[in-house]
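With PDB, C-alpha atoms and all ligand atoms inside, this is input-v2.pdb:
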```pdb
ATOM      1  CA  MET W   1      27.612 -25.402  -3.218
ATOM      2  CA  THR W   2      28.006 -22.518  -5.709
ATOM      3  CA  ALA W   3      25.507 -19.730  -5.133
ATOM      4  CA  LEU W   4      23.967 -17.837  -8.078
ATOM      5  CA  PRO W   5      25.706 -14.431  -8.543
ATOM      6  CA  THR W   6      22.451 -12.610  -7.672
ATOM      7  CA  LEU W   7      22.381 -14.338  -4.287
ATOM      8  CA  VAL W   8      25.880 -13.365  -3.209
ATOM      9  CA  MET W   9      25.770 -10.464  -0.787
ATOM     10  CA  ASP W  10      26.507  -9.640   2.825
ATOM     11  CA  PRO W  11      23.860  -9.574   5.548
ATOM     12  CA  PHE W  12      22.694  -6.189   6.773
ATOM     13  CA  SER W  13      20.189  -4.643   9.143
ATOM     14  CA  ILE W  14      17.908  -1.635   8.994
ATOM     15  CA  LYS W  15      16.445   0.523  11.751
ATOM     16  CA  LEU W  16      12.722   1.208  11.732
ATOM     17  CA  ASP W  17      10.994   3.803  13.868
ATOM     18  CA  LEU W  18       7.921   1.832  14.896
ATOM     19  CA  GLU W  19       6.214   4.820  16.515
ATOM     20  CA  GLU W  20       6.565   7.194  13.580
ATOM     21  CA  GLY W  21       6.362   4.458  10.992
ATOM     22  CA  VAL W  22       9.456   5.335   9.009
ATOM     23  CA  MET W  23      12.569   3.497   7.884
ATOM     24  CA  HIS W  24      15.774   5.315   8.808
ATOM     25  CA  ASP W  25      18.317   5.836   6.033
ATOM     26  CA  ALA W  26      16.052   4.272   3.441
ATOM     27  CA  LYS W  27      17.688   4.374  -0.002
ATOM     28  CA  ASN W  28      14.359   4.984  -1.755
ATOM     29  CA  HIS W  29      11.611   7.229  -0.453
ATOM     30  CA  LEU W  30       8.667   7.207  -2.805
ATOM     31  CA  VAL W  31       6.126   9.968  -2.204
ATOM     32  CA  ARG W  32       2.681   9.988  -3.782
ATOM     33  CA  CYS W  33       0.776  13.264  -3.588
ATOM     34  CA  ALA W  34      -2.899  13.931  -4.209
ATOM     35  CA  SER W  35      -2.132  14.893  -7.835
ATOM     36  CA  ASP W  36      -0.712  11.393  -8.410
ATOM     37  CA  MET W  37      -4.126   9.958  -7.520
ATOM     38  CA  ARG W  38      -6.165  11.388 -10.414
ATOM     39  CA  GLY W  39      -8.561   8.732 -11.710
ATOM     40  CA  TYR W  40      -8.646   6.735  -8.479
ATOM     41  CA  TYR W  41     -11.420   8.415  -6.455
ATOM     42  CA  VAL W  42     -15.140   8.672  -7.151
ATOM     43  CA  ASP W  43     -15.309  12.397  -6.397
ATOM     44  CA  LYS W  44     -12.957  13.895  -8.983
ATOM     45  CA  ALA W  45     -13.941  17.478  -8.121
ATOM     46  CA  ALA W  46     -13.099  16.923  -4.432
ATOM     47  CA  LEU W  47      -9.660  15.645  -5.424
ATOM     48  CA  GLU W  48      -9.025  18.738  -7.582
ATOM     49  CA  GLU W  49     -10.115  20.950  -4.677
ATOM     50  CA  LEU W  50      -7.720  19.152  -2.349
ATOM     51  CA  ILE W  51      -4.876  19.602  -4.826
ATOM     52  CA  ALA W  52      -5.636  23.310  -5.305
ATOM     53  CA  GLU W  53      -6.480  24.275  -1.735
ATOM     54  CA  GLY W  54      -4.297  21.853   0.188
ATOM     55  CA  ASN W  55      -1.145  22.506  -1.868
ATOM     56  CA  ASP W  56      -1.150  18.974  -3.220
ATOM     57  CA  PRO W  57      -0.755  17.178   0.138
ATOM     58  CA  VAL W  58       1.261  14.004   0.511
ATOM     59  CA  HIS W  59      -1.006  10.977   0.249
ATOM     60  CA  TYR W  60       1.385   8.155   1.038
ATOM     61  CA  GLU W  61       5.051   7.278   1.282
ATOM     62  CA  VAL W  62       7.005   4.079   0.745
ATOM     63  CA  PHE W  63      10.442   3.612   2.298
ATOM     64  CA  GLU W  64      12.690   0.897   0.952
ATOM     65  CA  THR W  65      16.298  -0.166   0.827
ATOM     66  CA  PRO W  66      16.346  -2.441  -2.174
ATOM     67  CA  VAL W  67      17.818  -5.900  -2.515
ATOM     68  CA  PRO W  68      18.500  -7.603  -5.883
ATOM     69  CA  GLN W  69      15.202  -8.139  -7.728
ATOM     70  CA  ALA W  70      15.981 -11.795  -8.159
ATOM     71  CA  TYR W  71      14.513 -15.136  -7.155
ATOM     72  CA  GLY W  72      15.589 -16.077  -3.624
ATOM     73  CA  HIS W  73      15.595 -12.539  -2.207
ATOM     74  CA  LEU W  74      12.835 -10.911  -0.178
ATOM     75  CA  MET W  75      11.918  -7.287  -0.781
ATOM     76  CA  TYR W  76      10.627  -5.332   2.196
ATOM     77  CA  CYS W  77       9.388  -1.802   2.738
ATOM     78  CA  VAL W  78       7.454   0.488   5.051
ATOM     79  CA  SER W  79       4.209   1.820   3.606
ATOM     80  CA  ARG W  80       2.864   4.968   5.308
ATOM     81  CA  LEU W  81      -0.575   6.144   4.223
ATOM     82  CA  HIS W  82      -1.685   9.509   5.586
ATOM     83  CA  PRO W  83      -5.175  10.065   7.039
ATOM     84  CA  GLY W  84      -7.732  12.029   5.086
ATOM     85  CA  LYS W  85     -10.651  11.869   2.695
ATOM     86  CA  VAL W  86     -11.399  12.820  -0.882
ATOM     87  CA  GLY W  87     -15.041  13.815  -0.602
ATOM     88  CA  ASP W  88     -16.426  11.006   1.562
ATOM     89  CA  GLU W  89     -13.854   8.428   0.433
ATOM     90  CA  PHE W  90     -10.927   7.594   2.696
ATOM     91  CA  PHE W  91      -7.355   8.042   1.474
ATOM     92  CA  MET W  92      -6.024   4.912  -0.173
ATOM     93  CA  THR W  93      -3.069   3.598  -2.127
ATOM     94  CA  LYS W  94      -3.310   3.050  -5.890
ATOM     95  CA  GLY W  95      -3.229  -0.702  -5.503
ATOM     96  CA  HIS W  96      -1.593  -3.210  -7.825
ATOM     97  CA  TYR W  97      -1.206  -6.804  -8.878
ATOM     98  CA  HIS W  98       2.300  -8.123  -8.748
ATOM     99  CA  SER W  99       3.797  -8.408 -12.251
ATOM    100  CA  ILE W 100       4.692 -11.998 -11.435
ATOM    101  CA  VAL W 101       1.126 -12.636 -10.442
ATOM    102  CA  GLY W 102       1.858 -15.822  -8.507
ATOM    103  CA  THR W 103       3.722 -13.990  -5.735
ATOM    104  CA  ALA W 104       2.240 -13.297  -2.305
ATOM    105  CA  GLU W 105       2.872 -10.517   0.225
ATOM    106  CA  VAL W 106       2.752 -10.124   3.987
ATOM    107  CA  TYR W 107       1.656  -6.820   5.533
ATOM    108  CA  LEU W 108       2.300  -6.326   9.249
ATOM    109  CA  CYS W 109       0.413  -3.272  10.478
ATOM    110  CA  LEU W 110       2.502  -1.147  12.854
ATOM    111  CA  ARG W 111       0.226   1.821  13.383
ATOM    112  CA  GLY W 112      -3.185   3.230  12.545
ATOM    113  CA  GLU W 113      -6.556   1.859  11.465
ATOM    114  CA  GLY W 114      -7.799   0.804   8.092
ATOM    115  CA  TYR W 115      -8.397  -1.994   5.644
ATOM    116  CA  MET W 116      -6.596  -4.056   3.085
ATOM    117  CA  LEU W 117      -8.868  -4.405   0.068
ATOM    118  CA  MET W 118      -8.049  -7.281  -2.273
ATOM    119  CA  LYS W 119      -9.452  -8.577  -5.549
ATOM    120  CA  THR W 120      -8.717 -11.240  -8.137
ATOM    121  CA  SER W 121      -8.939 -10.753 -11.891
ATOM    122  CA  GLU W 122     -12.045 -13.016 -11.792
ATOM    123  CA  GLY W 123     -13.764 -10.411  -9.639
ATOM    124  CA  ARG W 124     -13.581 -11.943  -6.155
ATOM    125  CA  CYS W 125     -13.162  -9.193  -3.566
ATOM    126  CA  LYS W 126     -12.180  -9.400   0.119
ATOM    127  CA  SER W 127     -11.274  -6.907   2.806
ATOM    128  CA  GLU W 128      -9.297  -7.384   6.007
ATOM    129  CA  PRO W 129      -9.254  -4.840   8.829
ATOM    130  CA  MET W 130      -5.832  -3.466   9.760
ATOM    131  CA  SER W 131      -4.641  -2.169  13.112
ATOM    132  CA  ARG W 132      -1.396  -2.339  15.083
ATOM    133  CA  GLY W 133      -0.212  -5.949  15.376
ATOM    134  CA  LYS W 134      -2.488  -7.275  12.624
ATOM    135  CA  MET W 135      -0.822  -9.288   9.866
ATOM    136  CA  VAL W 136      -2.569  -9.535   6.521
ATOM    137  CA  TYR W 137      -1.568 -12.275   4.121
ATOM    138  CA  VAL W 138      -2.158 -11.271   0.510
ATOM    139  CA  PRO W 139      -2.127 -14.557  -1.446
ATOM    140  CA  PRO W 140      -0.724 -14.871  -4.977
ATOM    141  CA  CYS W 141      -2.979 -13.416  -7.720
ATOM    142  CA  TRP W 142      -4.774 -10.878  -5.497
ATOM    143  CA  ALA W 143      -4.491  -7.169  -6.289
ATOM    144  CA  HIS W 144      -4.176  -5.178  -3.062
ATOM    145  CA  ARG W 145      -4.783  -1.642  -1.861
ATOM    146  CA  SER W 146      -4.642  -0.225   1.669
ATOM    147  CA  ILE W 147      -7.159   2.312   2.955
ATOM    148  CA  ASN W 148      -6.726   4.568   5.980
ATOM    149  CA  THR W 149      -9.984   4.960   7.919
ATOM    150  CA  GLY W 150      -8.346   6.442  11.022
ATOM    151  CA  ARG W 151      -6.955   9.777  12.158
ATOM    152  CA  GLU W 152      -3.270   8.890  12.161
ATOM    153  CA  PRO W 153      -0.983   7.383   9.526
ATOM    154  CA  LEU W 154      -1.674   3.768   8.570
ATOM    155  CA  VAL W 155       1.765   2.165   8.630
ATOM    156  CA  SER W 156       2.683  -1.341   7.523
ATOM    157  CA  PHE W 157       5.848  -3.339   7.103
ATOM    158  CA  CYS W 158       5.565  -5.332   3.879
ATOM    159  CA  VAL W 159       7.555  -8.327   2.667
ATOM    160  CA  TYR W 160       7.283  -9.995  -0.743
ATOM    161  CA  PRO W 161       9.443 -11.929  -3.242
ATOM    162  CA  ALA W 162      11.989  -9.493  -4.628
ATOM    163  CA  GLU W 163      11.313 -10.422  -8.248
ATOM    164  CA  ALA W 164       7.529  -9.808  -7.938
ATOM    165  CA  GLY W 165       7.360  -6.387  -9.646
ATOM    166  CA  HIS W 166       4.288  -4.122  -9.698
ATOM    167  CA  ASN W 167       1.504  -4.005 -12.250
ATOM    168  CA  TYR W 168      -0.539  -0.823 -11.762
ATOM    169  CA  GLY W 169      -2.129  -0.752 -15.217
ATOM    170  CA  ASP W 170      -4.581  -3.643 -14.901
ATOM    171  CA  ILE W 171      -6.108  -2.551 -11.614
ATOM    172  CA  ALA W 172      -6.222   1.091 -12.747
ATOM    173  CA  GLN W 173      -8.407  -0.093 -15.645
ATOM    174  CA  GLU W 174     -10.493  -2.650 -13.705
ATOM    175  CA  GLY W 175     -10.843  -0.737 -10.453
ATOM    176  CA  PHE W 176     -11.772  -2.451  -7.195
ATOM    177  CA  PRO W 177     -15.436  -3.527  -6.885
ATOM    178  CA  ARG W 178     -15.644  -1.935  -3.427
ATOM    179  CA  ARG W 179     -14.728   1.424  -1.924
ATOM    180  CA  ILE W 180     -14.643   2.694   1.644
ATOM    181  CA  PHE W 181     -16.476   5.876   2.627
ATOM    182  CA  GLU W 182     -17.375   7.792   5.735
ATOM    183  CA  ARG W 183     -21.167   8.057   5.874
ATOM    184  CA  LYS W 184     -22.786   9.870   8.821
ATOM    185  CA  GLY W 185     -19.622   9.389  10.852
ATOM    186  CA  GLN W 186     -19.479   5.655  10.105
ATOM    187  CA  CYS W 187     -16.975   3.771   8.019
ATOM    188  CA  VAL W 188     -18.900   1.967   5.272
ATOM    189  CA  ILE W 189     -17.705  -0.507   2.617
ATOM    190  CA  GLU W 190     -19.843  -0.126  -0.520
TER     191      GLU W 190
HETATM  192  C1  LIG H   1       4.550  -3.747  -2.345
HETATM  193  C2  LIG H   1       3.311  -3.306  -1.689
HETATM  194  C3  LIG H   1       3.340  -2.054  -0.846
HETATM  195  C4  LIG H   1       2.786  -0.904  -1.685
HETATM  196  C5  LIG H   1       2.571   0.405  -0.952
HETATM  197  C6  LIG H   1       2.071   1.508  -1.885
HETATM  198  O1  LIG H   1       4.312  -4.846  -3.167
HETATM  199  O2  LIG H   1       2.271  -3.860  -1.847
HETATM  200  O3  LIG H   1       4.580  -1.749  -0.359
HETATM  201  O4  LIG H   1       3.670  -0.704  -2.784
HETATM  202  O5  LIG H   1       1.630   0.215   0.059
HETATM  203  O6  LIG H   1       0.952   1.091  -2.618
HETATM  204  P1  LIG H   1       0.948   1.085  -4.211
HETATM  205  O7  LIG H   1       2.200   0.360  -4.637
HETATM  206  O8  LIG H   1      -0.282   0.329  -4.595
HETATM  207  O9  LIG H   1       0.958   2.490  -4.680
HETATM  208 ZN    ZN H   2       2.275  -5.541  -3.340
END
```

Starting from the file, lay out its structure as C-alpha cells.
Ligand code: F6R
Ligand code: ZN
Amino acid sequence: MTALPTLVMDPFSIKLDLEEGVMHDAKNHLVRCASDMRGYYVDKAALEELIAEGNDPVHYEVFETPVPQAYGHLMYCVSRLHPGKVGDEFFMTKGHYHSIVGTAEVYLCLRGEGYMLMKTSEGRCKSEPMSRGKMVYVPPCWAHRSINTGREPLVSFCVYPAEAGHNYGDIAQEGFPRRIFERKGQCVIE
C-alpha cells in the first residue's frame, strides 16, 4: 500500500499537565485577551472597563502542536478559558463553525465548570454542561463556544479532523441565540 505524502510521518507523543491544563512544549500558544473580544459581549462598556482597568487580561489560551492539515490526520489542542465576567456575562470563547462544516469535534473537559453552547445555521441551539471528566460531542454543522461559569480555568482537550479549519465570520455575524449570565449569584442561560 502506498500512503499519500501528507500521511507519511513518524508517531510522537506530547505531555499534558492535567492539573494546570497546559500542553508542555506546545509549538503554538494562541492567547486571546479581552481586547480581542470586542463585539462578542452584551455589555460593551464593561468590556472596555476591563481592558482599561485590568490591563487587558488574558481571556483564553489554546495550546497546540500541529499535524498536517490533511484528510486522515486528527488535530488536537488544549483550550484553557480563564474565569471571569464581562458585566454579568461569563467569559467565553469566540466560537466558530468549522470551515469544512461537516466535521465534528470531541471536547474532553479536564478542569473547571462551564458549558458548551452550540448552534446550527438553521437556528437550533443546545447547551451541554462541562466539568472534569465530561466529554462533549459537537456533531458536524454545529457552531460551538465554551463558557466558563466557575472560579478556576475551564480546560478541555479537543480533537477534530485536521482539515476542518475555523470559520469565525459567520458566527460573529449571527451570534448565538443564548448567553450565560450570573444573576443574583445564579448561573442563568437566557
Ligand atoms: C477547535 C476548537 C477549540 C477552540 C478553542 C478556542 O476546533 O473548537 O480548540 O478553538 O476552544 O475557541 P475559538 O476557536 O472559538 O476562539
Ligand atoms: Zn472547533

Query raised in the report: On this structure, which residues satisfy the PyMOL selection byres (((chain W and resi 154) around 12) and not hetatm), written as an MDAnalysis selection string?
Result: chainID W and resid 18:22 59:62 78:84 90:93 107:116 129:134 146:153 155:157

**Report entry** Residues matched by the PyMOL selection byres (((chain W and resi 100) around 9) and not hetatm) as a list of chain:residue names
**Finding:**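 Given this file, the PyMOL selection byres (((chain W and resi 100) around 9) and not hetatm) evaluates to W:Tyr97, W:His98, W:Ser99, W:Val101, W:Gly102, W:Thr103, W:Pro140, W:Cys141, W:Glu163, W:Ala164, W:Gly165, W:His166, W:Asn167.
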
Query - Ground truth for the PyMOL selection byres (((not hetatm)) within 8 of (chain H and resi 2)), written as a list in words - result: Gly95, His96, Tyr97, His98, Ala104, Glu105, Ala143, His144, Cys158, Tyr160 and His166 of chain W

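What separates CA of Val58 (chain W) from CA of Val31 (chain W) is a distance of 6.9 Å.
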
Please give the centre and size of the box around ligand LIG 1 (chain H) (axis-aligned, containing every atom listed in the file, 4 Å added per side), with values in Å to one decimal and written as lines of an AutoDock Vina configuration file.
```
center_x = 2.1
center_y = -1.2
center_z = -2.3
size_x = 12.9
size_y = 15.3
size_z = 12.7
```

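Of note, CA of Cys125 (chain W) and CA of Ala172 (chain W) are spaced 15.4 Å apart.
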
Report task. Mind checking which residues fall within 12 Å of Asp56 (chain W), counting all atoms listed in the file, ignoring those fewer than 2 positions away in the same chain, and posting them as a list in words? Result ->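 Within the cut-off, the hits are Val31, Arg32, Cys33, Ala34, Ser35, Asp36, Met37, Arg38, Leu47, Glu48, Glu49, Leu50, Ile51, Ala52, Glu53, Gly54, Val58, His59 and Tyr60 of chain W.
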
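Using only C-alpha atoms, the protein and nucleic acid residues lying no more than 9 Å from Glu190 (chain W), apart from those fewer than 5 places from it along its own chain, are Pro177, Arg178, Arg179, Ile180 and Phe181 of chain W.
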
Requested in this report: Go through W:Tyr168, W:Tyr137, W:Tyr40, W:Tyr71 one by one, measure the shortest atom-to-atom distance of each to ligand LIG 1 (chain H) using only C-alpha atoms and all ligand atoms, and give the residue with the smallest value.
Outcome: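 Under the stated criterion, the closest residue is W:Tyr168.
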
**Report entry** Which residue of W:His24, W:Val106, W:Pro5, W:Arg183 approaches Met135 (chain W) most closely, using only C-alpha atoms
**Finding:**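 Of W:His24, W:Val106, W:Pro5, W:Arg183, the one nearest Met135 (chain W) is W:Val106, counting only C-alpha atoms.
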
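Proximity of W:Val67, W:Gln186, W:His29, W:Lys119 to Pro11 (chain W), computed with all atoms listed in the file, is greatest for W:Val67.
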
Query raised in the report: Please, what distance in Å, to one decimal, runs between atom O6 of ligand LIG 1 (chain H) and CA of Ser127 (chain W)?
Result: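 Going from atom O6 of ligand LIG 1 (chain H) over to CA of Ser127 (chain W) covers 15.6 Å.
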
**Report entry** Distance criterion (all atoms listed in the file): nearest to Arg124 (chain W) out of W:Leu74, W:Asp17, W:Phe176, W:Val138
**Finding:**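 Closest residue, counting all atoms listed in the file: W:Phe176.
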
Query raised in the report: Of the candidates W:Met118, W:Cys187, W:Val8, W:Val136, which shows the shortest atom-to-atom distance to Ile171 (chain W), using only C-alpha atoms?
Result: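 Nearest to Ile171 (chain W): W:Met118.
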
**Report entry** Nearest candidate to Arg145 (chain W) (options W:Leu30, W:Met23, W:Met75, W:Leu117; using all atoms listed in the file)
**Finding:** W:Leu117
